[in-house]
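What follows is structure_25.cif (mmCIF, C-alpha atoms and all ligand atoms).
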```cif
data_start
#
loop_
_atom_site.label_atom_id
_atom_site.label_comp_id
_atom_site.auth_asym_id
_atom_site.auth_seq_id
_atom_site.Cartn_x
_atom_site.Cartn_y
_atom_site.Cartn_z
CA MET Z 3 -50.01 -8.77 149.32
CA ASP Z 4 -47.57 -7.23 151.85
CA TYR Z 5 -49.86 -4.31 152.67
CA ASP Z 6 -53.53 -3.35 152.33
CA ILE Z 7 -52.76 0.22 151.31
CA ALA Z 8 -49.61 1.90 150.00
CA VAL Z 9 -49.45 5.69 150.26
CA ILE Z 10 -47.02 7.52 147.97
CA GLY Z 11 -46.04 10.87 149.46
CA GLY Z 12 -45.52 12.04 153.03
CA GLY Z 13 -46.94 15.57 152.95
CA PRO Z 14 -50.17 16.52 154.77
CA ALA Z 15 -52.31 14.51 152.32
CA GLY Z 16 -50.27 11.31 152.48
CA ILE Z 17 -49.80 11.39 156.25
CA SER Z 18 -53.50 12.06 156.80
CA ALA Z 19 -54.39 9.17 154.47
CA ALA Z 20 -51.97 6.78 156.18
CA ILE Z 21 -53.09 7.64 159.73
CA THR Z 22 -56.77 7.33 158.78
CA ALA Z 23 -56.34 3.97 157.07
CA GLN Z 24 -54.19 2.56 159.87
CA SER Z 25 -56.59 3.77 162.58
CA LYS Z 26 -59.35 1.81 160.84
CA GLY Z 27 -57.38 -1.42 161.12
CA ARG Z 28 -55.65 -1.52 157.75
CA LYS Z 29 -51.99 -2.48 157.21
CA VAL Z 30 -50.41 0.60 155.68
CA ILE Z 31 -47.05 1.54 154.18
CA LEU Z 32 -46.06 5.13 153.32
CA PHE Z 33 -43.23 6.15 150.98
CA GLU Z 34 -41.59 9.58 151.23
CA ALA Z 35 -38.74 10.64 148.98
CA HIS Z 36 -37.55 14.04 150.16
CA GLY Z 37 -37.82 14.55 153.92
CA PHE Z 38 -41.62 14.99 154.26
CA SER Z 39 -42.91 17.90 152.19
CA PRO Z 40 -40.06 20.21 151.25
CA ARG Z 41 -42.85 22.41 149.86
CA LEU Z 42 -44.61 22.95 153.19
CA ARG Z 43 -41.29 23.08 155.06
CA SER Z 44 -40.29 26.08 152.92
CA VAL Z 45 -43.17 28.22 154.23
CA ALA Z 46 -42.16 30.76 156.90
CA LYS Z 47 -45.54 30.97 158.64
CA ILE Z 48 -48.83 29.10 158.30
CA THR Z 49 -51.65 30.93 160.01
CA ASP Z 50 -54.68 29.12 158.64
CA TYR Z 51 -54.22 25.45 159.64
CA LEU Z 52 -57.09 24.40 161.85
CA GLY Z 53 -56.17 24.40 165.55
CA LEU Z 54 -52.47 25.06 164.97
CA PRO Z 55 -52.08 28.76 164.18
CA ASP Z 56 -48.76 30.56 163.80
CA LEU Z 57 -46.46 27.63 163.18
CA SER Z 58 -43.78 27.66 160.53
CA GLY Z 59 -44.26 25.13 157.73
CA ASP Z 60 -41.34 23.17 159.18
CA GLU Z 61 -42.93 23.03 162.66
CA LEU Z 62 -46.32 22.06 161.25
CA MET Z 63 -44.76 19.28 159.19
CA ASP Z 64 -42.78 18.02 162.22
CA THR Z 65 -46.10 17.83 164.12
CA PHE Z 66 -47.62 15.69 161.34
CA VAL Z 67 -44.55 13.42 161.15
CA ALA Z 68 -44.52 12.98 164.96
CA HIS Z 69 -48.17 11.88 164.79
CA LEU Z 70 -47.36 9.46 161.96
CA LYS Z 71 -44.50 7.94 163.93
CA GLN Z 72 -46.80 7.24 166.90
CA THR Z 73 -48.74 4.82 164.68
CA ASP Z 74 -47.92 1.42 163.23
CA VAL Z 75 -47.73 2.76 159.68
CA LYS Z 76 -44.58 1.39 158.04
CA VAL Z 77 -42.58 4.38 156.76
CA VAL Z 78 -40.04 3.95 153.96
CA GLU Z 79 -37.99 7.07 153.23
CA GLU Z 80 -37.34 6.25 149.59
CA LYS Z 81 -38.75 7.37 146.27
CA ILE Z 82 -41.23 5.21 144.40
CA VAL Z 83 -39.64 4.75 141.00
CA ALA Z 84 -41.87 2.00 139.63
CA LEU Z 85 -45.54 1.16 140.07
CA GLU Z 86 -47.11 -1.77 138.30
CA GLU Z 87 -50.65 -3.10 138.30
CA THR Z 88 -50.79 -6.87 138.78
CA GLU Z 89 -53.72 -9.32 138.67
CA ASP Z 90 -54.55 -8.87 142.34
CA GLY Z 91 -53.03 -5.52 143.31
CA PHE Z 92 -49.97 -3.35 142.81
CA LEU Z 93 -46.18 -3.75 142.91
CA LEU Z 94 -44.24 -0.70 144.09
CA GLY Z 95 -40.51 -0.31 143.51
CA THR Z 96 -37.97 1.93 145.27
CA PRO Z 97 -34.26 2.02 144.37
CA THR Z 98 -33.59 -0.73 146.93
CA GLY Z 99 -36.81 -2.67 147.42
CA GLN Z 100 -40.09 -4.01 146.11
CA TYR Z 101 -43.42 -3.99 147.96
CA SER Z 102 -46.97 -5.08 147.16
CA ALA Z 103 -50.32 -3.62 148.16
CA ASP Z 104 -54.00 -4.11 147.38
CA ALA Z 105 -54.68 -0.39 146.91
CA VAL Z 106 -52.59 2.72 146.30
CA ILE Z 107 -53.10 6.32 147.38
CA LEU Z 108 -51.22 8.96 145.38
CA ALA Z 109 -50.36 12.01 147.49
CA THR Z 110 -47.32 13.22 145.58
CA GLY Z 111 -47.98 16.98 145.64
CA ILE Z 112 -47.58 19.31 142.68
CA SER Z 113 -45.30 18.21 139.91
CA ARG Z 114 -43.66 21.13 138.15
CA SER Z 115 -42.23 19.00 135.38
CA ASP Z 116 -43.68 18.08 132.04
CA LEU Z 117 -43.21 14.65 130.56
CA LEU Z 118 -40.74 14.47 127.70
CA PRO Z 119 -42.36 13.23 124.48
CA GLY Z 120 -41.67 9.49 124.30
CA GLU Z 121 -41.16 9.20 128.08
CA THR Z 122 -44.40 7.33 128.78
CA GLU Z 123 -44.24 5.29 125.59
CA PHE Z 124 -40.80 3.89 126.45
CA LEU Z 125 -41.26 3.52 130.21
CA GLY Z 126 -39.70 0.16 131.13
CA LYS Z 127 -38.32 -0.09 127.57
CA GLY Z 128 -35.27 2.09 128.18
CA VAL Z 129 -36.85 4.95 130.14
CA SER Z 130 -36.10 4.66 133.85
CA TYR Z 131 -36.34 6.77 137.02
CA CYS Z 132 -33.63 4.93 138.92
CA ALA Z 133 -30.04 4.12 137.92
CA THR Z 134 -29.37 1.87 140.91
CA ARG Z 135 -32.37 -0.25 140.07
CA ASP Z 136 -32.23 -0.40 136.26
CA GLY Z 137 -28.69 0.76 135.32
CA ALA Z 138 -27.12 -2.71 135.19
CA ALA Z 139 -29.32 -3.63 132.21
CA PHE Z 140 -27.44 -1.00 130.18
CA LYS Z 141 -23.90 -1.93 131.22
CA GLY Z 142 -21.40 -1.12 128.45
CA LYS Z 143 -23.97 0.90 126.46
CA LYS Z 144 -24.47 4.59 125.75
CA VAL Z 145 -27.17 6.20 127.89
CA ALA Z 146 -28.63 9.65 128.56
CA ALA Z 147 -29.43 11.24 131.93
CA VAL Z 148 -31.85 14.15 132.22
CA ALA Z 149 -31.47 15.77 135.64
CA THR Z 150 -33.61 18.58 137.03
CA VAL Z 151 -32.10 18.28 140.53
CA PRO Z 152 -28.47 18.31 141.73
CA ASP Z 153 -28.96 15.33 144.06
CA ALA Z 154 -28.84 12.96 141.08
CA THR Z 155 -25.02 13.26 140.94
CA ALA Z 156 -24.37 9.91 142.67
CA GLU Z 157 -26.72 8.09 140.29
CA ILE Z 158 -25.07 9.75 137.27
CA GLU Z 159 -21.60 8.80 138.51
CA TYR Z 160 -22.80 5.21 138.96
CA LEU Z 161 -23.99 5.20 135.33
CA ALA Z 162 -20.60 6.60 134.25
CA GLN Z 163 -18.87 3.68 136.00
CA ILE Z 164 -20.86 0.94 134.27
CA CYS Z 165 -21.92 2.44 130.92
CA GLU Z 166 -19.83 3.19 127.83
CA HIS Z 167 -20.91 6.82 127.77
CA VAL Z 168 -23.35 9.13 129.55
CA TYR Z 169 -24.89 12.16 127.80
CA LEU Z 170 -25.95 14.36 130.67
CA PHE Z 171 -28.66 17.02 130.19
CA PRO Z 172 -28.56 19.16 133.38
CA ARG Z 173 -31.77 21.21 133.68
CA TYR Z 174 -31.00 23.27 136.81
CA ASN Z 175 -28.80 26.22 137.83
CA ASP Z 176 -25.33 25.96 139.43
CA PHE Z 177 -24.65 22.67 137.73
CA GLN Z 178 -21.42 20.88 138.77
CA GLN Z 179 -19.69 18.41 136.47
CA PRO Z 180 -19.93 14.86 137.89
CA HIS Z 181 -16.83 12.62 138.02
CA GLY Z 182 -16.25 10.41 134.99
CA LYS Z 183 -14.33 11.07 131.74
CA ASN Z 184 -17.12 9.43 129.76
CA VAL Z 185 -19.76 12.02 130.76
CA SER Z 186 -20.60 14.65 128.11
CA VAL Z 187 -22.63 17.60 129.26
CA ILE Z 188 -25.30 18.78 126.81
CA LEU Z 189 -26.71 22.19 127.69
CA GLU Z 190 -29.35 22.25 124.98
CA PRO Z 191 -32.65 20.89 126.37
CA PRO Z 192 -33.82 17.44 125.26
CA THR Z 193 -36.97 17.54 123.15
CA GLU Z 194 -37.93 13.92 122.51
CA ILE Z 195 -37.08 10.33 123.37
CA THR Z 196 -37.30 8.07 120.36
CA GLY Z 197 -37.14 4.36 119.62
CA THR Z 198 -38.73 1.31 118.07
CA ASP Z 199 -39.49 -1.53 120.52
CA SER Z 200 -37.20 0.21 123.00
CA VAL Z 201 -35.27 3.47 123.28
CA THR Z 202 -32.80 4.15 120.49
CA GLY Z 203 -32.07 7.83 121.00
CA ILE Z 204 -32.81 11.28 122.34
CA TYR Z 205 -33.19 14.53 120.37
CA THR Z 206 -32.51 18.17 121.07
CA ASN Z 207 -33.57 20.80 118.55
CA SER Z 208 -30.22 20.58 116.81
CA GLU Z 209 -28.75 17.16 117.65
CA TYR Z 210 -29.52 13.45 117.96
CA PHE Z 211 -27.83 11.15 120.48
CA ASN Z 212 -27.89 7.41 119.93
CA VAL Z 213 -28.58 5.85 123.37
CA ALA Z 214 -30.12 2.64 124.70
CA ALA Z 215 -31.67 4.24 127.77
CA VAL Z 216 -32.78 7.57 129.17
CA PHE Z 217 -32.69 8.07 132.96
CA MET Z 218 -34.95 10.86 134.23
CA PHE Z 219 -34.00 12.42 137.60
CA ARG Z 220 -36.52 14.90 139.00
CA ALA Z 221 -37.52 16.04 142.50
CA SER Z 222 -41.09 15.09 141.71
CA ASP Z 223 -42.13 13.10 138.68
CA PRO Z 224 -45.41 13.78 136.93
CA PRO Z 225 -47.90 11.24 138.37
CA SER Z 226 -48.49 9.63 135.01
CA SER Z 227 -44.77 8.87 134.68
CA PHE Z 228 -45.11 5.56 136.50
CA LEU Z 229 -48.78 4.91 135.72
CA PRO Z 230 -49.09 5.89 132.05
CA GLU Z 231 -52.82 5.14 131.86
CA LEU Z 232 -53.64 7.52 134.74
CA GLN Z 233 -55.99 10.29 133.60
CA ILE Z 234 -54.54 13.76 134.05
CA ARG Z 235 -55.95 17.23 133.38
CA GLY Z 236 -53.23 19.86 133.07
CA ARG Z 237 -50.85 18.71 135.81
CA SER Z 238 -53.54 17.35 138.14
CA ILE Z 239 -54.74 13.78 138.60
CA LEU Z 240 -58.41 13.44 137.73
CA VAL Z 241 -60.45 12.02 140.62
CA ASP Z 242 -64.17 11.58 141.20
CA ASP Z 243 -65.91 12.89 144.32
CA GLN Z 244 -64.71 9.80 146.21
CA ALA Z 245 -61.02 10.44 145.39
CA GLN Z 246 -61.00 7.47 142.99
CA THR Z 247 -58.84 7.82 139.88
CA ASN Z 248 -59.69 6.15 136.57
CA ILE Z 249 -57.63 3.11 137.67
CA GLU Z 250 -59.46 0.71 139.97
CA GLY Z 251 -57.75 0.56 143.35
CA VAL Z 252 -55.82 3.81 142.85
CA PHE Z 253 -56.95 6.86 144.82
CA ALA Z 254 -55.45 10.35 145.07
CA GLY Z 255 -55.60 13.39 147.32
CA GLY Z 256 -53.95 16.73 148.05
CA ASP Z 257 -52.16 19.13 145.74
CA CYS Z 258 -51.64 16.40 143.11
CA THR Z 259 -55.38 16.57 142.37
CA GLY Z 260 -55.43 20.33 141.75
CA GLN Z 261 -56.16 23.67 143.42
CA PRO Z 262 -56.62 25.18 145.95
CA TRP Z 263 -53.17 24.21 147.20
CA GLN Z 264 -53.82 24.28 150.94
CA CYS Z 265 -52.93 22.06 153.90
CA ASN Z 266 -56.45 21.73 155.30
CA ARG Z 267 -57.72 20.61 151.91
CA ALA Z 268 -54.77 18.23 151.46
CA ALA Z 269 -55.33 16.61 154.87
CA GLY Z 270 -59.08 16.32 154.21
CA GLN Z 271 -58.60 14.85 150.78
CA GLY Z 272 -56.02 12.39 152.08
CA GLN Z 273 -58.58 11.23 154.64
CA LYS Z 274 -61.24 10.89 151.96
CA ALA Z 275 -58.90 8.85 149.76
CA ALA Z 276 -58.18 6.53 152.72
CA ILE Z 277 -61.87 6.00 153.51
CA SER Z 278 -62.62 5.29 149.84
CA ALA Z 279 -59.69 2.86 149.65
CA ILE Z 280 -60.98 1.04 152.76
CA ARG Z 281 -64.46 0.80 151.22
CA TYR Z 282 -62.90 -0.57 148.02
CA LEU Z 283 -60.94 -3.18 150.00
CA SER Z 284 -63.94 -4.29 152.03
CA VAL Z 285 -65.81 -5.07 148.80
CA LYS Z 286 -62.70 -6.78 147.38
CA ASP Z 287 -61.95 -8.87 150.56
C1 LIG A 1 -44.69 29.50 149.43
C2 LIG A 1 -45.86 28.62 149.84
C3 LIG A 1 -46.75 29.12 150.79
C4 LIG A 1 -47.83 28.31 151.21
N1 LIG A 1 -48.66 28.81 152.16
C5 LIG A 1 -49.67 28.03 152.62
C6 LIG A 1 -50.53 28.49 153.67
O1 LIG A 1 -50.37 29.58 154.21
N2 LIG A 1 -51.54 27.67 154.06
C7 LIG A 1 -51.73 26.43 153.51
O2 LIG A 1 -52.65 25.71 153.92
N3 LIG A 1 -50.93 25.97 152.52
C8 LIG A 1 -49.92 26.72 152.06
N4 LIG A 1 -49.09 26.26 151.06
C9 LIG A 1 -49.46 25.02 150.35
C10 LIG A 1 -49.10 23.72 151.11
O3 LIG A 1 -47.71 23.63 151.30
C11 LIG A 1 -49.61 22.54 150.26
O4 LIG A 1 -50.98 22.72 149.96
C12 LIG A 1 -49.43 21.20 150.99
O5 LIG A 1 -48.09 20.98 151.33
C13 LIG A 1 -49.95 20.08 150.08
O6 LIG A 1 -49.78 18.85 150.70
P1 LIG A 1 -49.63 17.51 149.84
O7 LIG A 1 -49.48 16.42 150.83
O8 LIG A 1 -50.73 17.41 148.84
O9 LIG A 1 -48.31 17.69 148.98
P2 LIG A 1 -46.82 17.98 149.46
O10 LIG A 1 -46.82 18.69 150.76
O11 LIG A 1 -46.15 18.62 148.32
O12 LIG A 1 -46.23 16.53 149.71
C14 LIG A 1 -46.02 15.62 148.67
C15 LIG A 1 -44.91 14.68 149.10
O13 LIG A 1 -44.83 13.58 148.19
C16 LIG A 1 -43.46 13.20 148.10
N5 LIG A 1 -43.30 12.47 146.84
C17 LIG A 1 -43.56 12.91 145.57
N6 LIG A 1 -43.31 11.93 144.67
C18 LIG A 1 -42.89 10.85 145.41
C19 LIG A 1 -42.49 9.52 145.04
N7 LIG A 1 -42.44 9.13 143.75
N8 LIG A 1 -42.12 8.69 146.03
C20 LIG A 1 -42.15 9.07 147.34
N9 LIG A 1 -42.53 10.33 147.74
C21 LIG A 1 -42.89 11.19 146.77
C22 LIG A 1 -42.71 14.54 148.11
O14 LIG A 1 -41.38 14.34 148.54
C23 LIG A 1 -43.53 15.33 149.14
O15 LIG A 1 -43.00 15.23 150.44
C24 LIG A 1 -48.00 27.03 150.65
C25 LIG A 1 -47.08 26.53 149.72
C26 LIG A 1 -46.02 27.31 149.32
C27 LIG A 1 -45.00 26.76 148.34
#
```
Represent the structure contained in this file as structure tokens.
Amino acid sequence: MDYDIAVIGGGPAGISAAITAQSKGRKVILFEAHGFSPRLRSVAKITDYLGLPDLSGDELMDTFVAHLKQTDVKVVEEKIVALEETEDGFLLGTPTGQYSADAVILATGISRSDLLPGETEFLGKGVSYCATRDGAAFKGKKVAAVATVPDATAEIEYLAQICEHVYLFPRYNDFQQPHGKNVSVILEPPTEITGTDSVTGIYTNSEYFNVAAVFMFRASDPPSSFLPELQIRGRSILVDDQAQTNIEGVFAGGDCTGQPWQCNRAAGQGQKAAISAIRYLSVKD
């Protein structure tokens, strides 16, 4: 394995987890997709973080990132788009790379999106979270792209270059048409992904589109999107009092495990997840 522990998410929970695990001698990698907690950075003033009163969310987050960068934690500023359990650990995929780790800590924050029916069922069988990584498999075919964020434009234009046709379902305001004559914009929301052994189409309430793949582009994917067997309640990952999920070797902390959504709790839970992951590894070693 490349790393002992992989942390997904670079908000207060993920950074706390990574620093704790690294300070206890573990080889740690942390993945962050969107500039280290856009959520906390959006807060004008945080007055209740222990020892650091009256900082803006941006300043508080910069303090955490500066601490992280003083350590030997390997930081990869890319989104995890694939996570697979193997015989002896986990494989983690970003749009440009693949990494392995013995244990994983999920610290992905709140996901505001719901899974589309069929999304989990067809994950890896036509459902993908990354065009750069998986698009080539659908060269010359018709595909769909469901985008909840504008920053997916480059990925959609890449699909338009290599695929026969792209049905684009933009799910955000101020949408701008991407380049590509073979991109049709569908304003009606998608309701279901369907297929047999792999994806064959996508439905709205009034139409059906025959496609070989559906690419989902969100700011934050629901945690079960890349680990379908992960137990979820509402939108939160279920953990026990040691931050262990139902999947051996996978731990979670912070807002992704539920309320209250607070930085002190997130940092504390990240630390707990790291300590539990270390205990798990010392039994496994
Ligand atoms: C308006 C507002 C006011 C708030 N006020 C306060 C306050 O006064 N006090 C307080 O304590 N808290 C406050 N909070 C809450 C605080 O921001 C959160 O509790 C805290 O940020 C949670 O930390 P976290 O690490 O769990 O998640 P986040 O900070 O959300 O971090 C999760 C990170 O994971 C990354 N990520 C997600 N998926 C992936 C992936 N697949 N690959 C790589 N990276 C990924 C995201 O980019 C993100 O950076 C406020 C929040 C808001 C929105």
Checklist entry - Expressed in Å to a single decimal, how great is the separation between CA of Leu42 in chain Z and CA of Phe219 in chain Z? => result 21.6 Å
Next on the checklist: Taking all atoms listed in the file into account, which residues have an atom no farther than 7 Å from ligand LIG 1 (chain A)? I'd like them as a PyMOL selection string.
Outcome noted: chain Z and resi 10-16+33-42+44-45+47-51+80-83+109-112+222-223+255-258+263-266+268
Sorted by chain and rising residue number, which residues of range 69-114 of chain Z lie within 7 Å of range 227-243 of chain Z, and what are their closest atom pairs and distances in Å to one decimal, counting only C-alpha atoms, as CSV?
```
residue,atom,partner,partner_atom,distance
Z:Ala84,CA,Z:Phe228,CA,5.7
Z:Leu85,CA,Z:Phe228,CA,5.7
Z:Ser113,CA,Z:Arg237,CA,6.9
```
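With CA of Val129 in chain Z on one side and CA of Pro152 in chain Z on the other, the separation reads 19.6 Å.
Selecting by distance to (-56.3, 11.4, 157.3) with a limit of 7 Å and using all atoms listed in the file, one obtains Ile17, Ser18, Ala19, Ala20, Ile21, Thr22, Ala269, Gly270, Gly272, Gln273 and Ala276 of chain Z.
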Checklist outcome for this item: Computed gap from CA of Ser226 in chain Z to CA of Val9 in chain Z is 15.8 Å
Next on the checklist: For a quick check of understanding, using all atoms listed in the file, which of Z:Thr150, Z:Asn175, Z:Ser278, Z:Gln100 has the smallest distance to Thr247 in chain Z?
Outcome noted: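 Of Z:Thr150, Z:Asn175, Z:Ser278, Z:Gln100, the one nearest Thr247 in chain Z is Z:Ser278, counting all atoms listed in the file.
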